[in-house]
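Novice: I am attaching a structure below and will ask some questions about it afterwards.
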Number of protein chains: 4
Amino acid sequence: MNIGFLGLGNMGGPMAQNLLKAGHAVLAFDLSKDALQAAHEAGAALAAKPQELAEAGLDIVFTMLPAAQHVRSVYLGEDGLLAHGNGDTLYVDCSTIDPHTAREVAGTAAEKGITLIDAPVSGGTKGAAEGTLTFMVGGPQNAFEQAKTVLKDMGKNIVHCGDTGNGQVAKVANNMLLAISMIGVAEAMNLGVNLGMDAETLASIINTSSGRCWSSEINNPYPGALEGVPASRGYTGGFGSALMLKDLGLALEAAQQVEAPVLLGGLAKQMYQQLCNQGHSKLDFSAIMKLYQQE
Amino acid sequence: MNIGFLGLGNMGGPMAQNLLKAGHAVLAFDLSKDALQAAHEAGAALAAKPQELAEAGLDIVFTMLPAAQHVRSVYLGEDGLLAHGNGDTLYVDCSTIDPHTAREVAGTAAEKGITLIDAPVSGGTKGAAEGTLTFMVGGPQNAFEQAKTVLKDMGKNIVHCGDTGNGQVAKVANNMLLAISMIGVAEAMNLGVNLGMDAETLASIINTSSGRCWSSEINNPYPGALEGVPASRGYTGGFGSALMLKDLGLALEAAQQVEAPVLLGGLAKQMYQQLCNQGHSKLDFSAIMKLYQQE
Amino acid sequence: MNIGFLGLGNMGGPMAQNLLKAGHAVLAFDLSKDALQAAHEAGAALAAKPQELAEAGLDIVFTMLPAAQHVRSVYLGEDGLLAHGNGDTLYVDCSTIDPHTAREVAGTAAEKGITLIDAPVSGGTKGAAEGTLTFMVGGPQNAFEQAKTVLKDMGKNIVHCGDTGNGQVAKVANNMLLAISMIGVAEAMNLGVNLGMDAETLASIINTSSGRCWSSEINNPYPGALEGVPASRGYTGGFGSALMLKDLGLALEAAQQVEAPVLLGGLAKQMYQQLCNQGHSKLDFSAIMKLYQQE
Amino acid sequence: MNIGFLGLGNMGGPMAQNLLKAGHAVLAFDLSKDALQAAHEAGAALAAKPQELAEAGLDIVFTMLPAAQHVRSVYLGEDGLLAHGNGDTLYVDCSTIDPHTAREVAGTAAEKGITLIDAPVSGGTKGAAEGTLTFMVGGPQNAFEQAKTVLKDMGKNIVHCGDTGNGQVAKVANNMLLAISMIGVAEAMNLGVNLGMDAETLASIINTSSGRCWSSEINNPYPGALEGVPASRGYTGGFGSALMLKDLGLALEAAQQVEAPVLLGGLAKQMYQQLCNQGHSKLDFSAIMKLYQQE
């Protein structure tokens with residue numbers, strides 16, 4: 001298929017490369033010349049400015065941007081995709097932003113007869129490189145089906161979450177719960193070890209009991225509880241604490257808009273702010289363990 | 001085997017009956033005449049006072065009591081088990097109490113040459129009735145092996161957690177984490193639904209993502225997210241909020257003793273106090289959802 | 001002096017009337033015809049649209065608006081004050097908004113040679129009516145001095161908080177602390193009374209001890225602790241819980257922008273969200289006491 | 001008057017000396033020989049064991065001990081005060097302990113016809129040395145009056161809080177509120193300064209506004225906001241963080257007993273645990289500011 005890809009960062013770059021590997025023709029754009037050069041070497045054609053992607057008569061255009069302000073600018077700006085595109089192209093925004101903005105921009109697109117769906121990802125840079133991302137997709141059923149034929153070349157789990165914006169909703173709700181359970185595991189493991197239990201034993205008991213969760217089983221934050229996880233290598237790699245802080249910010253913003261109380265979610269966010277302020281923003285989010293360690 | 005059973009309440013009653021069904025001879029004691037009568041009808045011999053269990057030359061004596069004060073009294077009192085027993089009988093306390101008391105009482109027992117191990121359970125009254133409890137056992141390896149031959153008649157998951165007291169440690173750590181993740185699921189589900197998602201869809205996405213946990217998969221607190229759970233029947237049945245509040249109290253007491261900070265655990269406890277104060281102490285602990293509902 | 005007043009709501013209406021009483025000529029605008037009629041009857045001249053205030057060559061124009069979006073629209077819109085005004089008029093925004101927007105709008109004004117200072121108030125509708133408001137002013141010294149000559153006709157405490165935006169900073173910081181200490185008083189009073197103390201006695205002891213604060217001395221939330229406060233009349237009157245929730249939202253938004261952790265502030269916000277969701281948004285913010293009451 | 005004093009630590013030592021200065025005859029006891037020697041040099045007679053104080057026919061015996069377990073032991077032990085004393089002597093316990101224990105020990109005393117009242121203090125070692133302590137007294141009116149004639153020689157604020165135990169209630173309620181408002185001030189000051197305000201200006205505005213409290217006015221935790229406070233000298237001196245942690249533990253224990261939810265109080269305790277774990281237990285409790293500082 002003829003595909004456009006805008007935003008070739010840590011995530012977008014490898015995603016575009018997986019599209020090329022799958023045999024798609026890709027027209028790429030990014031502000032970074034290095035990123036463009038890498039895409040070119042992988043076989044992509046290059047656009048000189050965003051609107052070229054809108055004017056090229058492509059089947060699908062993917063966007064992968066850092067924050068809501070960039071999504072607004074790329075889609076809604078005078079030189080943006082909506083001003084220069086039409087309904088023959090399907091737009092798929094893979095950025096993680098707040099549901100409100102996602103729905104607002106998609107609503108503006110709809111007024112121009114253009115379908116824009118949201119498809120934020122989870123799985124990190126490793127999932128992007130290996131093509132094993134999860135896509136949480138919000139938008140009409142037929143647009144979802146169309147996007148899925150291509151999304152499967154970049155991920156292995158393509159989930160339809162319902163109407164426009166619901167991809168973002170699923171992502172912020174899931175990640176807020178993830179932060180809470182990660183902190184919960186940190187507290188429970190630290191408590192148990194301080195009370196005299198071996199970390200590995202405690203983890204294995206929790207993982208067969210009602211306390212089990214992804215954070216206890218797959219990314220246990222207590223050093224020594226699991227092998228091969230960030231906690232066993234100084235919390236390097238993984239999903240950065242600053243990114244978790246960003247996602248918690250999106251969750252709280254969304255919660256405020258719909259007046260949903262989030263007591264643990266709110267506290268979790270403040271604790272990730274503390275962690276980042278202590279200089280650990282680039283460490284995996286399991287590094288929240290550091291707030292519990294005794295000097 | 002010849003077994004003593006002290007404490008025939010909601011949990012202990014059915015547990016003793018499962019021992020009888022498995023063919024053991026059981027000498028039972030409880031303060032309640034009704035409970036004794038029920039045990040008698042099920043085939044148990046009855047003791048007139050606790051020390052009879054200590055003096056009967058039994059293989060194992062199980063105790064299942066409401067709180068640390070009762071454990072102290074039953075084991076350490078003048079008329080208690082330790083004063084009248086000897087090292088030929090293995091003592092197994094299935095009560096859920098703080099690890100500190102468990103170790104202190106077991107230490108006193110050891111001074112008299114008596115082995116007392118801790119084996120708190122999870123699985124609730126349903127697990128007790130069906131013989132599917134999980135036992136978290138703390139004590140020496142050989143005592144664990146000996147107890148296991150009988151514990152398997154009351155449960156299906158018998159876990160050795162290490163030395164004396166570690167059964168209690170595993171239980172409080174696990175249940176504190178359980179409370180935190182339950183509240184986290186309540187917040188995430190409520191947030192997502194308020195933002196426009198279908199509860200069932202959101203639950204299924206979380207359950208294949210990094211937010212997944214026992215509380216999202218097995219006992220989701222949002223009405224309509226799962227079938228056949230307390231949330232789908234007005235939060236009746238299950239593990240009572242008052243019991244969760246008690247376990248959080250034990251976790252916090254233990255945390256204070258070893259100076260382990262528990263920020264989310266501490267907040268979780270206060271929220272369960274609020275829930276119980278609003279008259280919901282007997283509802284399943286997934287009823288924490290009620291704190292998030294809009295009037 | 002010749003004064004413009006835009007925004008004649010619950011606060012702005014009485015403020016404008018106090019300016020008239022003090023002998024100023026007031027040109028007023030509001031979207032509500034009733035509000036305009038009331039101002040007219042009190043002696044104000046009426047403008048048909050906002051830009052008339054900018055074009056009338058007034059000494060000072062005050063704006064008193066509900067939220068940042070209205071401030072942006074009134075000042076930055078095509079028909080707005082900045083597009084039609086000039087540097088001969090001093091603009092004073094009395095709205096409570098986030099410091100970031102306040103500085104941004106003032107910065108745009110400065111580019112056009114116009115001085116806009118922020119002067120949010122505290123003291124509520126009672127203070128507005130009686131002319132006893134506190135104004136927290138952010139802006140250059142000379143503009144502060146000029147504004148003060150008129151602000152004193154609407155309030156009794158006119159404080160210079162430093163540069164542009166600092167009025168808003170002082171307000172959000174103060175009100176976040178106010179919410180925290182109000183909840184703290186609610187918890188301490190409830191604890192003490194449950195432990196057997198008389199509410200009035202406890203309040204009087206706290207008020208001569210290190211726990212004393214405005215919320216314990218002036219607006220104690222425990223019924224019976226003080227006379228003549230909202231708690232003694234079903235929490236009617238006073239500063240509404242919904243307004244406190246709004247201010248906590250502004251504080252958290254500002255905290256996120258400057259990466260300042262606010263653990264208690266964040267929790268306080270979620271609790272006010274719970275209170276409002278329970279149907280108490282119009283009650284005085286001391287009604288947070290309701291979250292602690294036993295059924 | 002003839003007075004006994006048991007417990008000559010950092011607080012009790014100077015308190016006993018003030019009694020001597022006021023002309024009372026003091027019979028003193030402590031486990032530390034150094035403490036006894038100092039009391040002797042100041043003019044006290046020395047007892048060789050606690051019961052001597054009970055048998056000496058004194059008017060009043062004061063006790064000042066570290067924790068509930070010591071109070072139990074000194075009063076209830078076989079060699080303790082109640083076993084050897086009688087109703088001719090009034091007992092005044094100045095220790096800070098939980099209200100439950102205070103009432104229990106006083107109840108045992110009453111059964112023997114002995115009056116024991118609780119009179120915990122605030123004011124720290126400085127107040128003890130200078131005789132400016134506040135005493136919060138729980139007990140019958142006539143016992144309060146009798147004690148007051150001597151307490152005034154050690155403090156300047158002698159408050160009757162009601163029946164037995166209420167002195168402790170007032171102390172834990174006040175100190176929990178103090179911890180909450182201290183953290184609140186830390187958050188508000190940090191937020192305001194990060195948003196661009198001068199610390200001294202912000203403090204002065206808060207102190208004339210609704211956010212004002214003892215912690216903002218008398219012991220502001222932000223360096224530079226006030227002169228002569230612990231924050232201006234590296235948080236040395238003052239009321240130690242470990243002592244605040246202990247008092248928060250008493251408050252939470254009491255809250256659990258009467259089922260009073262304490263959401264902010266509970267979080268405050270965990271934060272003081274974090275602070276102490278980071279090695280700051282001896283710093284003034286305003287050092288909670290450290291949890292907010294950026295690296």
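Within each chain, counting starts at residue 1; across the structure tokens, chains are named A, B, ... in the order shown, with ligands numbered 1 upward in that order.
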If the cut-off is 12 Å, can you tell me the residues of chain A near chain C, counting only C-alpha atoms? I'd like them as a PyMOL selection string.

Specialist: chain A and resi 242+245-246+248-250+252-253+255-278+281

Novice: Give me every helix (DSSP H, G or I) residue in segment 127-275 of chain D, going by DSSP on the backbone, as an MDAnalysis selection string.

Specialist: chainID D and resid 127:130 141:151 166:194 199:206 214:217 230:233 241:257 263:275

Novice: By how many Å are atom CA of Glu187 of chain B and atom CA of Met176 of chain C apart?

Specialist: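 Interatomic distance, atom CA of Glu187 of chain B to atom CA of Met176 of chain C: 23.3 Å.
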
Novice: Enumerate, as a ChimeraX atom specification, the complete set of residues in segment 13-151 of chain A that a backbone-based DSSP assignment places in strand (DSSP E or B).

Specialist: /A:25-29,45-46,60-63,90-93,116-118,121-122,133-138

Novice: Please provide as an MDAnalysis selection string all residues within 10 Å of Lys126 of chain B, with the sequence filter that same-chain residues fewer than 2 positions apart are discarded (counting only C-alpha atoms).

Specialist: chainID B and resid 10:11 14 123:124 128:133 237:239

Novice: Go ahead and save the picked residues with N, CA and C atoms, as a CSV table (one decimal), in the first residue's frame.

Specialist:
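The resulting file, out.csv, is reproduced below:
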```
chain,number,residue,atom,x,y,z
B,10,ASN,N,-16.6,-19.2,60.9
B,10,ASN,CA,-16.9,-19.2,59.5
B,10,ASN,C,-15.9,-20.0,58.7
B,11,MET,N,-14.6,-19.8,59.1
B,11,MET,CA,-13.6,-20.5,58.4
B,11,MET,C,-13.2,-21.8,59.0
B,14,PRO,N,-15.9,-25.1,58.6
B,14,PRO,CA,-15.7,-25.9,57.4
B,14,PRO,C,-14.4,-26.6,57.2
B,123,GLY,N,-8.6,-17.3,50.4
B,123,GLY,CA,-9.6,-18.1,49.6
B,123,GLY,C,-11.0,-18.0,50.2
B,124,GLY,N,-11.1,-17.4,51.4
B,124,GLY,CA,-12.4,-17.0,51.9
B,124,GLY,C,-13.2,-18.2,52.4
B,128,ALA,N,-12.8,-22.3,52.0
B,128,ALA,CA,-12.8,-23.2,53.2
B,128,ALA,C,-13.8,-24.3,53.0
B,129,ALA,N,-14.9,-24.0,52.5
B,129,ALA,CA,-16.0,-25.0,52.3
B,129,ALA,C,-15.6,-26.0,51.3
B,130,GLU,N,-15.0,-25.5,50.2
B,130,GLU,CA,-14.6,-26.4,49.1
B,130,GLU,C,-13.3,-27.0,49.2
B,131,GLY,N,-12.5,-26.7,50.3
B,131,GLY,CA,-11.2,-27.3,50.4
B,131,GLY,C,-10.2,-26.8,49.4
B,132,THR,N,-10.4,-25.5,49.0
B,132,THR,CA,-9.4,-25.0,47.9
B,132,THR,C,-8.6,-23.8,48.4
B,133,LEU,N,-8.5,-23.7,49.7
B,133,LEU,CA,-7.7,-22.6,50.3
B,133,LEU,C,-6.2,-22.6,49.9
B,237,GLY,N,-21.4,-11.4,48.9
B,237,GLY,CA,-20.4,-12.5,48.9
B,237,GLY,C,-19.0,-12.0,48.9
B,238,GLY,N,-18.1,-12.9,48.7
B,238,GLY,CA,-16.7,-12.5,48.5
B,238,GLY,C,-16.0,-12.2,49.8
B,239,PHE,N,-14.9,-11.4,49.8
B,239,PHE,CA,-14.1,-11.1,50.9
B,239,PHE,C,-14.5,-9.7,51.5
```

Novice: Would you mind listing what lies within 6 Å of segment 285-295 of chain D as a PyMOL selection string, with only C-alpha atoms counted and same-chain residues fewer than 4 positions away left out?

Specialist: (chain A and resi 277-278) or (chain D and resi 186+221+235+240-241)

Novice: List as number ranges by chain the protein and nucleic acid residues near Glu52 of chain B, meaning an atom at most 10 Å away when only C-alpha atoms are counted, but skip any in the same chain fewer than 2 places from it.

Specialist: B: 4, 27-29, 46-50, 54-57, 79-81, 84-85

Novice: How many Å lie between atom CA of Leu116 of chain C and atom CA of Asn207 of chain D, rounded to one decimal?

Specialist: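 Here the two named atoms are 26.6 Å from each other.
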
Novice: Would you pick out the contacts of Arg212 of chain D at 10 Å or less, using only C-alpha atoms, so that residues sharing its chain but fewer than 3 positions from it are not included, and give the list as a list in words?

Specialist: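 So the residues in contact are Asn174, Leu177, Leu178, Ser181, Arg212, Cys213, Trp214 and Ser215 of chain C; Ser181, Val185, Ala203, Ser204, Ile205, Ile206, Asn207, Thr208, Ser209, Ser215, Ser216 and Glu217 of chain D.
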
Novice: Extract, using only C-alpha atoms, all DNA, RNA and protein residues at most 9 Å from segment 66-75 of chain C, discarding same-chain residues fewer than 3 positions from it, and format them as a list of chain:residue names.

Specialist: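 Near neighbours after the sequence-gap exclusion: C:Gly7, C:Gly9, C:Pro50, C:Gln51, C:Thr63, C:Glu78, C:Asp79, C:Gly80, C:Leu81, C:Leu82, C:Ala83, C:Asp93, C:Ser95, C:Thr96, C:Ile97, C:Asp98, C:Thr101, C:Ala102, C:Val105, C:Ala109.
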
Novice: Once you have the residues from the selection above, write them out as a PDB file, in the first residue's frame, restricted to N, CA and C atoms.

Specialist:
```pdb
ATOM      1  N   GLY C   7     -17.567  42.348  33.333  1.00  0.00           N
ATOM      2  CA  GLY C   7     -17.828  41.121  34.100  1.00  0.00           C
ATOM      3  C   GLY C   7     -18.550  41.460  35.388  1.00  0.00           C
ATOM      4  N   GLY C   9     -20.717  39.690  37.425  1.00  0.00           N
ATOM      5  CA  GLY C   9     -21.327  38.527  38.082  1.00  0.00           C
ATOM      6  C   GLY C   9     -21.460  38.711  39.586  1.00  0.00           C
ATOM      7  N   PRO C  50     -17.513  44.808  24.351  1.00  0.00           N
ATOM      8  CA  PRO C  50     -16.264  44.980  25.095  1.00  0.00           C
ATOM      9  C   PRO C  50     -15.366  46.091  24.548  1.00  0.00           C
ATOM     10  N   GLN C  51     -15.215  46.142  23.230  1.00  0.00           N
ATOM     11  CA  GLN C  51     -14.217  47.092  22.736  1.00  0.00           C
ATOM     12  C   GLN C  51     -14.546  48.553  23.034  1.00  0.00           C
ATOM     13  N   THR C  63     -11.309  43.724  34.708  1.00  0.00           N
ATOM     14  CA  THR C  63     -12.044  42.570  34.190  1.00  0.00           C
ATOM     15  C   THR C  63     -12.165  41.535  35.295  1.00  0.00           C
ATOM     16  N   GLU C  78     -10.391  39.145  18.309  1.00  0.00           N
ATOM     17  CA  GLU C  78     -10.395  40.212  17.291  1.00  0.00           C
ATOM     18  C   GLU C  78     -11.161  41.437  17.765  1.00  0.00           C
ATOM     19  N   ASP C  79     -12.234  41.173  18.504  1.00  0.00           N
ATOM     20  CA  ASP C  79     -13.035  42.282  19.032  1.00  0.00           C
ATOM     21  C   ASP C  79     -12.615  42.622  20.456  1.00  0.00           C
ATOM     22  N   GLY C  80     -11.425  42.172  20.838  1.00  0.00           N
ATOM     23  CA  GLY C  80     -11.032  42.243  22.231  1.00  0.00           C
ATOM     24  C   GLY C  80     -10.394  43.557  22.635  1.00  0.00           C
ATOM     25  N   LEU C  81     -10.053  43.627  23.908  1.00  0.00           N
ATOM     26  CA  LEU C  81      -9.549  44.854  24.510  1.00  0.00           C
ATOM     27  C   LEU C  81      -8.197  45.261  23.930  1.00  0.00           C
ATOM     28  N   LEU C  82      -7.311  44.311  23.729  1.00  0.00           N
ATOM     29  CA  LEU C  82      -5.967  44.675  23.265  1.00  0.00           C
ATOM     30  C   LEU C  82      -5.993  45.164  21.820  1.00  0.00           C
ATOM     31  N   ALA C  83      -6.864  44.582  21.007  1.00  0.00           N
ATOM     32  CA  ALA C  83      -6.933  44.986  19.600  1.00  0.00           C
ATOM     33  C   ALA C  83      -7.461  46.407  19.460  1.00  0.00           C
ATOM     34  N   ASP C  93      -6.753  42.705  35.625  1.00  0.00           N
ATOM     35  CA  ASP C  93      -7.605  41.500  35.579  1.00  0.00           C
ATOM     36  C   ASP C  93      -7.750  40.910  36.978  1.00  0.00           C
ATOM     37  N   SER C  95      -9.769  38.318  37.646  1.00  0.00           N
ATOM     38  CA  SER C  95     -10.159  36.906  37.540  1.00  0.00           C
ATOM     39  C   SER C  95      -9.110  36.035  38.230  1.00  0.00           C
ATOM     40  N   THR C  96      -9.538  34.868  38.710  1.00  0.00           N
ATOM     41  CA  THR C  96      -8.587  33.874  39.213  1.00  0.00           C
ATOM     42  C   THR C  96      -8.313  32.872  38.104  1.00  0.00           C
ATOM     43  N   ILE C  97      -7.108  32.916  37.563  1.00  0.00           N
ATOM     44  CA  ILE C  97      -6.730  31.995  36.481  1.00  0.00           C
ATOM     45  C   ILE C  97      -5.333  31.467  36.759  1.00  0.00           C
ATOM     46  N   ASP C  98      -4.815  30.598  35.891  1.00  0.00           N
ATOM     47  CA  ASP C  98      -3.470  30.076  36.120  1.00  0.00           C
ATOM     48  C   ASP C  98      -2.416  31.128  35.795  1.00  0.00           C
ATOM     49  N   THR C 101      -1.205  31.567  31.979  1.00  0.00           N
ATOM     50  CA  THR C 101      -2.065  32.356  31.085  1.00  0.00           C
ATOM     51  C   THR C 101      -1.970  33.838  31.426  1.00  0.00           C
ATOM     52  N   ALA C 102      -1.972  34.142  32.725  1.00  0.00           N
ATOM     53  CA  ALA C 102      -1.893  35.544  33.137  1.00  0.00           C
ATOM     54  C   ALA C 102      -0.650  36.205  32.542  1.00  0.00           C
ATOM     55  N   VAL C 105      -0.934  36.478  28.509  1.00  0.00           N
ATOM     56  CA  VAL C 105      -1.794  37.565  28.027  1.00  0.00           C
ATOM     57  C   VAL C 105      -1.152  38.917  28.317  1.00  0.00           C
ATOM     58  N   ALA C 109      -0.011  41.917  25.723  1.00  0.00           N
ATOM     59  CA  ALA C 109      -0.363  43.322  25.955  1.00  0.00           C
ATOM     60  C   ALA C 109       0.883  44.200  25.877  1.00  0.00           C
TER      61      ALA C 109
END
```
